[in-house]
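What follows is one structure encoded as structure tokens, with my remarks underneath.
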Amino acid sequence: MLNIVLFGPPGAGKGTQSEKLIAKYQLIHLSTGDIFRANIKGATELGMLAKSFMDKGQLVPDEVTIRMLESEVNKYPDAKGFIFDGFPRTIAQAQALDIFLSKRGQSLSAVLSLEVKEDELRQRLAERAKSSGRPDDANPEVIQKRIDVYKNETLPLKDHFTAQGKYKGINGIGEINEIFNSLCAKIDELK
Ligand code: AMP
């Protein structure tokens, strides 16, 4: 059973690499950002709530995010494992994830972190804005807010996962396939 957190700042390539990893390892991909965006599209109550935070580059409150993620995990009782993309983003979320997995008799296998410098992130997000249709990519102030929120609220998880011996840093700059191969090498070490 592989339960992997793909960790890293906005624009690090988590979505791109998740798509490749799920195909190779037959894992379920749970991206909290994608789930929120699907809810916005469907004009659900959750979507409307999430949008009010996402448009400002802020995190959706833990209580809402954790409840949503747990119900998604529970949709897949027979999963071979999960790739969590964009979750956890706070210590409370990390603790909740441990609890959900332990209820299934499982645990987190590793946290693979795509490390990319801030200048590169800003450039990538501005480039992505041309095709993503994401309002939070289109505004440089919102991009900066997301990077700052990452540094202040999410990066502390690096120490948390390092203390658990689960954090593995990967250079997130270079060719997509080269980065993918580095991720696969780390995953294959876990088996
Ligand atoms: P992403 O698609 O991962 O870049 O996420 C887009 C936005 O969705 C973020 O800027 C947050 O507003 C929200 N979001 C996604 N995942 C989470 C999370 N785990 N906790 C709180 N907010 C989240």
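In the structure tokens, chains take letters A, B, ... by order of appearance, with residues numbered from 1 within each chain and ligands from 1 in the order shown.
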Per residue of chain A within 7 Å of ligand 1, what are the shortest atom pair and its distance in Å to one decimal, counting only C-alpha atoms and all ligand atoms, with rows by chain and residue number, as CSV?
residue,atom,partner,partner_atom_place_in_ligand_line,distance
A:Pro10,CA,ligand 1,4 (O),5.3
A:Ser31,CA,ligand 1,3 (O),6.7
A:Thr32,CA,ligand 1,16 (N),4.3
A:Gly33,CA,ligand 1,2 (O),3.4
A:Asp34,CA,ligand 1,2 (O),5.7
A:Phe36,CA,ligand 1,8 (O),6.5
A:Ala50,CA,ligand 1,12 (O),6.9
A:Phe53,CA,ligand 1,12 (O),5.4
A:Met54,CA,ligand 1,12 (O),3.5
A:Gly57,CA,ligand 1,10 (O),4.8
A:Gln58,CA,ligand 1,12 (O),4.8
A:Leu59,CA,ligand 1,22 (N),3.7
A:Val60,CA,ligand 1,22 (N),3.9
A:Pro61,CA,ligand 1,21 (C),6.0
A:Asp62,CA,ligand 1,20 (N),6.2
A:Thr65,CA,ligand 1,20 (N),5.6
A:Asp85,CA,ligand 1,3 (O),6.8
A:Gly86,CA,ligand 1,3 (O),4.3
A:Phe87,CA,ligand 1,19 (N),4.0
A:Pro88,CA,ligand 1,19 (N),4.9
A:Arg89,CA,ligand 1,19 (N),4.7
A:Arg146,CA,ligand 1,10 (O),5.8
- request: Find the residues near A:Phe180: any atom within 10 Å, counting only C-alpha atoms, skip ones fewer than 6 places away on the same chain, and give them as JSON, numbers by chain.
  value: {"A": [16, 17, 18, 20, 21, 170, 172]}
Okay, now the selection with C-alpha atoms, as a PDB file, in the first residue's frame?
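Saved file result08.pdb follows:
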ATOM      1  CA  THR A  16       1.633  17.353 -13.682  1.00  0.00           C
ATOM      2  CA  GLN A  17       3.652  14.763 -11.790  1.00  0.00           C
ATOM      3  CA  SER A  18       0.571  13.312 -10.055  1.00  0.00           C
ATOM      4  CA  LYS A  20       2.123  10.534 -14.412  1.00  0.00           C
ATOM      5  CA  LEU A  21       2.476   8.809 -11.039  1.00  0.00           C
ATOM      6  CA  ILE A 170      13.414  16.359  -4.963  1.00  0.00           C
ATOM      7  CA  GLY A 172      11.665  20.238  -9.102  1.00  0.00           C
TER       8      GLY A 172
END
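Every residue of stretch 53-150 of chain A found in strand (DSSP E or B) when DSSP is run on the backbone appears here: Gly81, Phe82, Ile83, Phe84, Asp85, Ala110, Val111, Leu112, Ser113, Leu114 and Glu115 of chain A.
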ask   = Which of stretch 70-182 of chain A counts as alpha helix (DSSP H) under DSSP, as number ranges by chain please?
value = A: 70-73, 91-103, 118-132, 135-138, 140-149, 156-163, 176-182
Test item: residues at most 12 Å from A:Tyr167, only C-alpha atoms, excluding those fewer than 4 positions along its chain, as a PyMOL selection string
chain A and resi 4-8+108-115+155-163+186
Kindly provide the residues of stretch 14-71 of chain A that approach stretch 95-102 of chain A to within 10 Å, each paired with its closest atom pair and their distance in Å to one decimal, based on only C-alpha atoms, listed by chain and increasing number, as CSV.
residue,atom,partner,partner_atom,distance
A:Asp62,CA,A:Ala96,CA,9.6
A:Glu63,CA,A:Ala96,CA,10.0
A:Ile66,CA,A:Ala96,CA,6.9
A:Arg67,CA,A:Ala96,CA,9.4
A:Leu69,CA,A:Leu97,CA,8.7
A:Glu70,CA,A:Phe100,CA,6.7
A:Ser71,CA,A:Phe100,CA,9.8
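Using only C-alpha atoms for every distance, the candidate list A:Leu49, A:Ala79, A:Leu183, A:Leu121 yields A:Ala79 as the residue closest to A:Leu2.
With only C-alpha atoms as the basis for measurement, A:Leu190 is the residue among A:Ile35, A:Leu190, A:Ala12, A:Ala43 that approaches A:Lys166 most closely.
Using only C-alpha atoms, the smallest distance between any of A:Pro9, A:Asn3, A:Gly42, A:Tyr25 and A:Cys184 comes from A:Tyr25.
The two atoms in question, atom CA of A:Ala94 and atom CA of A:Ser52, are spaced 23.2 Å apart.
The smallest atom-to-atom distance between A:Ala23 and any of A:Phe82, A:Lys51, A:Ser131, A:Ser107, using only C-alpha atoms, is found for A:Phe82.
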So that I can check the surroundings of A:Val142, please list as a PyMOL selection string every protein, DNA and RNA residue that reaches within 12 Å of it, counting only C-alpha atoms and ignoring chain neighbours fewer than 2 positions away. chain A and resi 10+53-59+122+125-126+129+134-140+144-149
Keeping only N, CA and C atoms, take the residues you just selected and write them out as a tab-separated table (two decimals), in the first residue's frame.
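See out_17.tsv below for the written result:
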chain	number	residue	atom	x	y	z
A	10	PRO	N	2.89	26.31	-4.73
A	10	PRO	CA	2.08	26.42	-5.93
A	10	PRO	C	2.98	26.59	-7.15
A	53	PHE	N	-12.29	31.95	-0.50
A	53	PHE	CA	-10.90	31.92	0.00
A	53	PHE	C	-9.91	31.81	-1.17
A	54	MET	N	-10.22	30.94	-2.12
A	54	MET	CA	-9.29	30.67	-3.22
A	54	MET	C	-9.01	31.92	-4.04
A	55	ASP	N	-10.05	32.71	-4.29
A	55	ASP	CA	-9.87	33.91	-5.11
A	55	ASP	C	-8.92	34.91	-4.46
A	56	LYS	N	-8.76	34.80	-3.14
A	56	LYS	CA	-7.86	35.72	-2.44
A	56	LYS	C	-6.49	35.08	-2.19
A	57	GLY	N	-6.35	33.83	-2.59
A	57	GLY	CA	-5.07	33.14	-2.36
A	57	GLY	C	-4.93	32.61	-0.95
A	58	GLN	N	-6.05	32.60	-0.20
A	58	GLN	CA	-6.00	32.10	1.18
A	58	GLN	C	-6.37	30.62	1.22
A	59	LEU	N	-6.01	29.98	2.32
A	59	LEU	CA	-6.41	28.58	2.49
A	59	LEU	C	-7.88	28.50	2.87
A	122	ARG	N	6.95	31.98	-9.67
A	122	ARG	CA	6.19	33.15	-10.17
A	122	ARG	C	6.09	33.10	-11.68
A	125	LEU	N	3.68	30.21	-12.82
A	125	LEU	CA	2.26	30.48	-12.57
A	125	LEU	C	1.74	31.53	-13.55
A	126	ALA	N	2.57	32.52	-13.86
A	126	ALA	CA	2.15	33.54	-14.82
A	126	ALA	C	1.96	32.89	-16.19
A	129	ALA	N	-1.20	30.80	-16.26
A	129	ALA	CA	-2.43	31.62	-16.30
A	129	ALA	C	-2.98	31.74	-17.72
A	134	ARG	N	-7.58	29.68	-14.45
A	134	ARG	CA	-7.73	29.83	-12.99
A	134	ARG	C	-7.58	31.28	-12.59
A	135	PRO	N	-8.60	31.84	-11.96
A	135	PRO	CA	-8.49	33.25	-11.55
A	135	PRO	C	-7.33	33.48	-10.60
A	136	ASP	N	-6.98	32.44	-9.80
A	136	ASP	CA	-5.89	32.64	-8.83
A	136	ASP	C	-4.51	32.59	-9.48
A	137	ASP	N	-4.43	32.21	-10.76
A	137	ASP	CA	-3.15	32.28	-11.49
A	137	ASP	C	-3.02	33.63	-12.21
A	138	ALA	N	-4.15	34.30	-12.40
A	138	ALA	CA	-4.17	35.45	-13.31
A	138	ALA	C	-3.71	36.75	-12.65
A	139	ASN	N	-3.68	36.78	-11.34
A	139	ASN	CA	-3.40	38.02	-10.63
A	139	ASN	C	-2.08	37.90	-9.84
A	140	PRO	N	-1.07	38.71	-10.19
A	140	PRO	CA	0.23	38.60	-9.52
A	140	PRO	C	0.15	38.75	-8.00
A	144	GLN	N	1.41	35.97	-5.33
A	144	GLN	CA	2.33	36.24	-4.23
A	144	GLN	C	1.73	35.81	-2.89
A	145	LYS	N	0.43	36.05	-2.73
A	145	LYS	CA	-0.24	35.66	-1.49
A	145	LYS	C	-0.16	34.13	-1.30
A	146	ARG	N	-0.38	33.39	-2.40
A	146	ARG	CA	-0.32	31.92	-2.31
A	146	ARG	C	1.09	31.46	-1.92
A	147	ILE	N	2.10	32.15	-2.48
A	147	ILE	CA	3.48	31.77	-2.14
A	147	ILE	C	3.75	32.09	-0.67
A	148	ASP	N	3.26	33.24	-0.21
A	148	ASP	CA	3.47	33.63	1.20
A	148	ASP	C	2.74	32.68	2.15
A	149	VAL	N	1.51	32.31	1.78
A	149	VAL	CA	0.74	31.37	2.61
A	149	VAL	C	1.49	30.03	2.67
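Among A:Asn152, A:Ser182, A:Lys24, A:Lys14, the residue with the shortest atom-to-atom distance to A:Phe84, counting only C-alpha atoms, is A:Lys14.
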Separating atom CA of A:Thr154 from atom CA of A:Leu46, to the nearest tenth of an Å, is a gap of 22.1 Å
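Atom to atom, atom CA of A:Leu27 and atom CA of A:Tyr76 stand 10.5 Å apart.
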